[in-house]
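J.: Have a look at this one before I ask anything.
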2 protein chains.
Amino acid sequence: MIKYSGENLTEAQNELYEWIRDYVRDFQHSPSIRQMMNAMGLKSPAPIQSRLKHLQDKGFISWQEGKARTLKLVDEIIDGIPIKGSIAAGGLIETFSDVQENLDVTEIFKKKDVFALTVNGDSMIDACIADGDMVLMEPLRDSYSLKNGTIVSAMVPGLGTTLKYFFKRGGKIYLEAANPAYDPIELNLDEVIFQGKLLAVWRKV
Amino acid sequence: MIKYSGENLTEAQNELYEWIRDYVRDFQHSPSIRQMMNAMGLKSPAPIQSRLKHLQDKGFISWQEGKARTLKLVDEIIDGIPIKGSIAAGGLIETFSDVQENLDVTEIFKKKDVFALTVNGDSMIDACIADGDMVLMEPLRDSYSLKNGTIVSAMVPGLGTTLKYFFKRGGKIYLEAANPAYDPIELNLDEVIFQGKLLAVWRKV
DNA sequence: TGTATTAGAGTACATTTGTTCCTTGATTAA
DNA sequence: TTAATCAAGGAACAAATGTACTCTAATACA
């Protein structure tokens with residue numbers, strides 16, 4: 001049991017609530033009252049209705065009256081991480097403004113064919129992409145839609161794959177590192193295959 | 001429409017699919033066939049049944065026969081982004097090794113009370129945390145479990161909140177920036193409240 | 001053109017399902 | 001003890017709902 005919002009539940013109510021929660025997790029839809037009846041070992045739907053009413057009164061569940069299997073758990077629905085505000089990185093400036101937006105990282109997961117790469121090396125360090133970071137990439141079909149300055153993962157057949165800034169000038173492709181220690185790579189259009197462009201950086205500490 | 005897994009849908013099927021998807025998003029449960037009928041402007045449930053069968057055959061939906069409102073979208077349930085391998089950031093070294101692991105960003109969402117902050121400023125730039133990045137923080141109860149070198153968000157009452165490296169030496173707390181332009185802040189233990197420690201960095205491009 | 005296929009309308013039916021009413025038995029409070 | 005309260009059983013009802021069938025019109029195809 002997770003939610004004890006003020007009021008407590010009887011054992012029967014608690015058992016029913018947990019069973020419903022598990023059922024919804026497994027089947028993605030609400031059980032019917034008679035299914036609950038069977039699961040609770042009862043022989044009449046009436047006691048279930050009573051317990052459901054109590055669960056509703058205490059704010060644990062809700063449903064559309066008369067409609068089948070419309071029961072919903074009034075749970076803490078987490079579809080994102082709360083963004084509490086901004087933080088100073090350069091002196092002590094402001095406090096949490098308690099902005100109640102949500103960081104929905106999952107949205108990037110909806111995009112099809114996104115893939116991740118582990119970064120090796122420090123050539124993109126000035127772009128704040130460090131060794132060991134995960135870069136999330138979106139596949140590319142052609143290089144024509146690429147804008148100068150985009151960070152791409154490019155494959156030069158026979159050589160390998162690398163993460164670099166993309167530039168195109170006068171029919172030539174330039175792959176530039178974000179680190180003065182590395183020289184730009186100059187290539188012809190047909191010497192390079194672009195696998196993806198950078199969507200996001202993910203670093204676990 | 002997102003999913004076009006090989007087979008295409010007719011306009012009617014597509015319209016129905018999208019309506020169902022939106023309904024489920026709004027109400028958290030499946031609509032009934034007659035609701036779909038009304039929404040599609042039809043006067044008989046039969047055409048809906050036909051379209052549902054097609055959607056089922058093509059792998060878009062599924063349901064439990066005979067049971068009300070048990071329809072389920074057979075969506076691409078992504079609980080991770082495929083990690084295709086590592087990439088060189090410092091010369092052309094290796095190619096995708098096609099490692100088939102999954103980057104499960106969602107795992108960090110399971111932890112309770114994780115929150116996000118938007119970074120303002122460049123004081124952590126050498127730690128590769130740039131202006132505009134999102135930092136995901138885990139709440140802290142006490143400072144005793146903190147190790148030197150951890151990145152924390154700390155609040156000095158009356159001043160504000162800041163993101164810094166944490167160090168403790170001889171009864172004193174030192175908050176250090178990852179940028180030589182900023183001087184360390186020296187504080188007593190009771191002058192500072194730690195709100196969280198850094199779990200991850202998220203940057204959308 | 002004629003035929004086959006498909007979508008939709010209309011109808012009907014059986015099951016599922018939420019809801020209500022009444023009764024019984026157990027537990028509790030006065 | 002007695003009355004009150006509550007959970008449960010039993011039965012029944014009406015609405016919601018999935019499903020099957022026939023018929024018609026439109027469309028595609030040869």
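Chain identifiers are assigned as A, B, and so on, following the order in which chains appear in the structure tokens; residues are numbered from 1 within each chain, and ligands are numbered from 1 in order of appearance.
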Within 10 Å of chain A, which residues belong to chain C? Use only C-alpha atoms (C1' of nucleotides) and report them as a list in words.

T.: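 So the contacting residues turn out to be DT16, DT17, DG18, DT19 and DT20 of chain C.
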
J.: I need the contact residues of chain D against chain A, so if you could list those with any atom within 12 Å, counting only C-alpha atoms (C1' of nucleotides), and return them as number ranges by chain, that would help.

T.: D: 6-11, 14-17

J.: So that I can see what lies close to range 132-140 of chain B, please list as an NGL selection string the residues with an atom at most 6 Å from it, counting only C-alpha atoms (C1' of nucleotides) and leaving out residues fewer than 6 positions away in the same chain.

T.: :B and (114-119 or 195-203)

J.: Could you save the residues just selected, with N, CA, C and O atoms, as a PDB file, in the first residue's frame?

T.:
```
ATOM      1  N   VAL B 114      12.657  12.527  -7.062  1.00  0.00           N
ATOM      2  CA  VAL B 114      13.665  13.150  -7.904  1.00  0.00           C
ATOM      3  C   VAL B 114      13.077  14.416  -8.505  1.00  0.00           C
ATOM      4  O   VAL B 114      11.912  14.456  -8.869  1.00  0.00           O
ATOM      5  N   PHE B 115      13.889  15.455  -8.578  1.00  0.00           N
ATOM      6  CA  PHE B 115      13.393  16.677  -9.181  1.00  0.00           C
ATOM      7  C   PHE B 115      14.456  17.250 -10.116  1.00  0.00           C
ATOM      8  O   PHE B 115      15.601  16.810 -10.119  1.00  0.00           O
ATOM      9  N   ALA B 116      14.036  18.173 -10.921  1.00  0.00           N
ATOM     10  CA  ALA B 116      14.923  18.735 -11.930  1.00  0.00           C
ATOM     11  C   ALA B 116      15.087  20.227 -11.723  1.00  0.00           C
ATOM     12  O   ALA B 116      14.192  20.893 -11.218  1.00  0.00           O
ATOM     13  N   LEU B 117      16.234  20.718 -12.085  1.00  0.00           N
ATOM     14  CA  LEU B 117      16.493  22.151 -12.026  1.00  0.00           C
ATOM     15  C   LEU B 117      17.111  22.595 -13.338  1.00  0.00           C
ATOM     16  O   LEU B 117      17.871  21.858 -13.957  1.00  0.00           O
ATOM     17  N   THR B 118      16.765  23.796 -13.722  1.00  0.00           N
ATOM     18  CA  THR B 118      17.399  24.382 -14.889  1.00  0.00           C
ATOM     19  C   THR B 118      18.631  25.161 -14.441  1.00  0.00           C
ATOM     20  O   THR B 118      18.554  25.936 -13.494  1.00  0.00           O
ATOM     21  N   VAL B 119      19.715  24.935 -15.125  1.00  0.00           N
ATOM     22  CA  VAL B 119      20.970  25.564 -14.716  1.00  0.00           C
ATOM     23  C   VAL B 119      21.093  26.956 -15.327  1.00  0.00           C
ATOM     24  O   VAL B 119      20.872  27.148 -16.519  1.00  0.00           O
ATOM     25  N   GLN B 195      19.894  20.600  -0.678  1.00  0.00           N
ATOM     26  CA  GLN B 195      18.611  20.142  -1.191  1.00  0.00           C
ATOM     27  C   GLN B 195      18.707  18.833  -1.944  1.00  0.00           C
ATOM     28  O   GLN B 195      17.794  18.028  -1.927  1.00  0.00           O
ATOM     29  N   GLY B 196      19.809  18.660  -2.614  1.00  0.00           N
ATOM     30  CA  GLY B 196      19.909  17.420  -3.368  1.00  0.00           C
ATOM     31  C   GLY B 196      21.293  17.223  -3.915  1.00  0.00           C
ATOM     32  O   GLY B 196      22.119  18.134  -3.913  1.00  0.00           O
ATOM     33  N   LYS B 197      21.533  15.995  -4.361  1.00  0.00           N
ATOM     34  CA  LYS B 197      22.798  15.742  -5.033  1.00  0.00           C
ATOM     35  C   LYS B 197      22.540  15.325  -6.469  1.00  0.00           C
ATOM     36  O   LYS B 197      21.468  14.792  -6.795  1.00  0.00           O
ATOM     37  N   LEU B 198      23.519  15.552  -7.278  1.00  0.00           N
ATOM     38  CA  LEU B 198      23.350  15.353  -8.718  1.00  0.00           C
ATOM     39  C   LEU B 198      23.220  13.882  -9.081  1.00  0.00           C
ATOM     40  O   LEU B 198      24.038  13.046  -8.691  1.00  0.00           O
ATOM     41  N   LEU B 199      22.173  13.574  -9.826  1.00  0.00           N
ATOM     42  CA  LEU B 199      21.988  12.219 -10.340  1.00  0.00           C
ATOM     43  C   LEU B 199      22.365  12.135 -11.812  1.00  0.00           C
ATOM     44  O   LEU B 199      22.995  11.188 -12.253  1.00  0.00           O
ATOM     45  N   ALA B 200      21.930  13.130 -12.559  1.00  0.00           N
ATOM     46  CA  ALA B 200      22.141  13.061 -14.000  1.00  0.00           C
ATOM     47  C   ALA B 200      22.007  14.436 -14.624  1.00  0.00           C
ATOM     48  O   ALA B 200      21.462  15.359 -14.020  1.00  0.00           O
ATOM     49  N   VAL B 201      22.533  14.554 -15.810  1.00  0.00           N
ATOM     50  CA  VAL B 201      22.425  15.791 -16.568  1.00  0.00           C
ATOM     51  C   VAL B 201      21.673  15.495 -17.855  1.00  0.00           C
ATOM     52  O   VAL B 201      21.897  14.455 -18.481  1.00  0.00           O
ATOM     53  N   TRP B 202      20.790  16.384 -18.194  1.00  0.00           N
ATOM     54  CA  TRP B 202      19.971  16.180 -19.386  1.00  0.00           C
ATOM     55  C   TRP B 202      20.021  17.446 -20.220  1.00  0.00           C
ATOM     56  O   TRP B 202      19.748  18.539 -19.727  1.00  0.00           O
ATOM     57  N   ARG B 203      20.423  17.305 -21.434  1.00  0.00           N
ATOM     58  CA  ARG B 203      20.503  18.469 -22.319  1.00  0.00           C
ATOM     59  C   ARG B 203      19.804  18.165 -23.620  1.00  0.00           C
ATOM     60  O   ARG B 203      20.158  17.214 -24.310  1.00  0.00           O
TER      61      ARG B 203
END
```

J.: Rounded to one decimal, what separation in Å do you get between C1' of DC22 in chain C and CA of Ile20 in chain A?

T.: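 Calculated distance between C1' of DC22 in chain C and CA of Ile20 in chain A is 28.8 Å.
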
J.: Pick out the closest residue to chain B from this set: A:Asn188, A:Asn14, A:Ser123, A:Ser30. Count only C-alpha atoms.

T.: A:Ser123

J.: Rounded to one decimal place, report the CA of Ala130 in chain B-CA of Cys128 in chain A distance in Å.

T.: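 Atom-to-atom, CA of Ala130 in chain B to CA of Cys128 in chain A, that is 6.8 Å.
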
J.: Provide the CA of Asp26 in chain A to CA of Leu73 in chain B distance in Å, to one decimal place.

T.: 14.1 Å

J.: Quick one: residues within 8 Å of Ile61 in chain B, only C-alpha atoms (C1' of nucleotides) counted, chain neighbours fewer than 6 positions away excluded, as a ChimeraX atom specification?

T.: /B:52,55,71-75

J.: Determine the nearest neighbour of chain A from the options B:Lys172, B:Ser145, B:Asp122, B:Asp190, counting only C-alpha atoms.

T.: B:Asp122

J.: Determine the nearest neighbour of chain B from the options A:Phe167, A:Trp19, A:Trp63, A:Tyr174, counting only C-alpha atoms.

T.: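 Counting only C-alpha atoms, the residue closest to chain B is A:Trp63.
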
J.: I'd like the neighbourhood of Leu189 in chain A as a list in words, where a residue qualifies if any of its atoms comes within 12 Å (using only C-alpha atoms (C1' of nucleotides)), though same-chain residues fewer than 5 positions away should be ignored.

T.: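 Listing them by chain and then by number gives Asp142, Ser143, Tyr144, Ala154, Met155, Val156, Phe166, Phe167, Lys168, Arg169, Gly170, Gly171, Lys172, Ile173, Tyr174, Leu175 and Phe194 of chain A.
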
J.: Deliver the residues from the most recent selection as a file, using N, CA and C atoms, as a short mmCIF file (atom, residue, chain, number, x, y, z; two decimals), in the first residue's frame.

T.:
```cif
data_model
loop_
_atom_site.label_atom_id
_atom_site.label_comp_id
_atom_site.auth_asym_id
_atom_site.auth_seq_id
_atom_site.Cartn_x
_atom_site.Cartn_y
_atom_site.Cartn_z
N ASP A 142 19.31 11.89 -45.25
CA ASP A 142 20.20 12.59 -46.17
C ASP A 142 20.93 13.69 -45.42
N SER A 143 21.94 14.24 -46.05
CA SER A 143 22.72 15.28 -45.39
C SER A 143 22.24 16.66 -45.81
N TYR A 144 21.24 16.71 -46.68
CA TYR A 144 20.83 18.01 -47.22
C TYR A 144 20.11 18.85 -46.18
N ALA A 154 29.11 10.70 -37.77
CA ALA A 154 29.43 10.48 -39.17
C ALA A 154 30.33 9.27 -39.33
N MET A 155 30.06 8.50 -40.36
CA MET A 155 30.92 7.35 -40.62
C MET A 155 31.67 7.57 -41.92
N VAL A 156 32.96 7.43 -41.85
CA VAL A 156 33.79 7.45 -43.04
C VAL A 156 34.21 6.01 -43.29
N PHE A 166 29.15 19.51 -37.74
CA PHE A 166 29.02 19.41 -39.18
C PHE A 166 29.06 20.79 -39.82
N PHE A 167 29.88 20.92 -40.87
CA PHE A 167 29.86 22.14 -41.68
C PHE A 167 29.95 21.77 -43.14
N LYS A 168 29.28 22.54 -43.96
CA LYS A 168 29.38 22.33 -45.41
C LYS A 168 29.74 23.66 -46.06
N ARG A 169 30.85 23.66 -46.79
CA ARG A 169 31.28 24.88 -47.50
C ARG A 169 31.81 24.48 -48.85
N GLY A 170 31.18 25.04 -49.88
CA GLY A 170 31.67 24.84 -51.24
C GLY A 170 31.85 23.39 -51.63
N GLY A 171 30.82 22.60 -51.42
CA GLY A 171 30.85 21.21 -51.87
C GLY A 171 31.69 20.29 -51.01
N LYS A 172 32.31 20.85 -49.99
CA LYS A 172 33.12 20.03 -49.10
C LYS A 172 32.43 19.89 -47.73
N ILE A 173 32.67 18.78 -47.11
CA ILE A 173 32.17 18.55 -45.76
C ILE A 173 33.33 18.73 -44.78
N TYR A 174 33.07 19.48 -43.73
CA TYR A 174 34.07 19.62 -42.69
C TYR A 174 33.52 19.06 -41.37
N LEU A 175 34.28 18.19 -40.78
CA LEU A 175 33.91 17.67 -39.47
C LEU A 175 34.87 18.26 -38.45
N PHE A 194 26.22 9.95 -42.87
CA PHE A 194 25.76 10.48 -41.60
C PHE A 194 24.73 9.54 -40.99
#
```

J.: I need the residue nearest chain B from this list: A:Asn148, A:Asn120, A:Gln64, A:Gln35. Use only C-alpha atoms for the distance.

T.: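 Between A:Asn148, A:Asn120, A:Gln64, A:Gln35, the residue approaching chain B most closely is A:Asn120.
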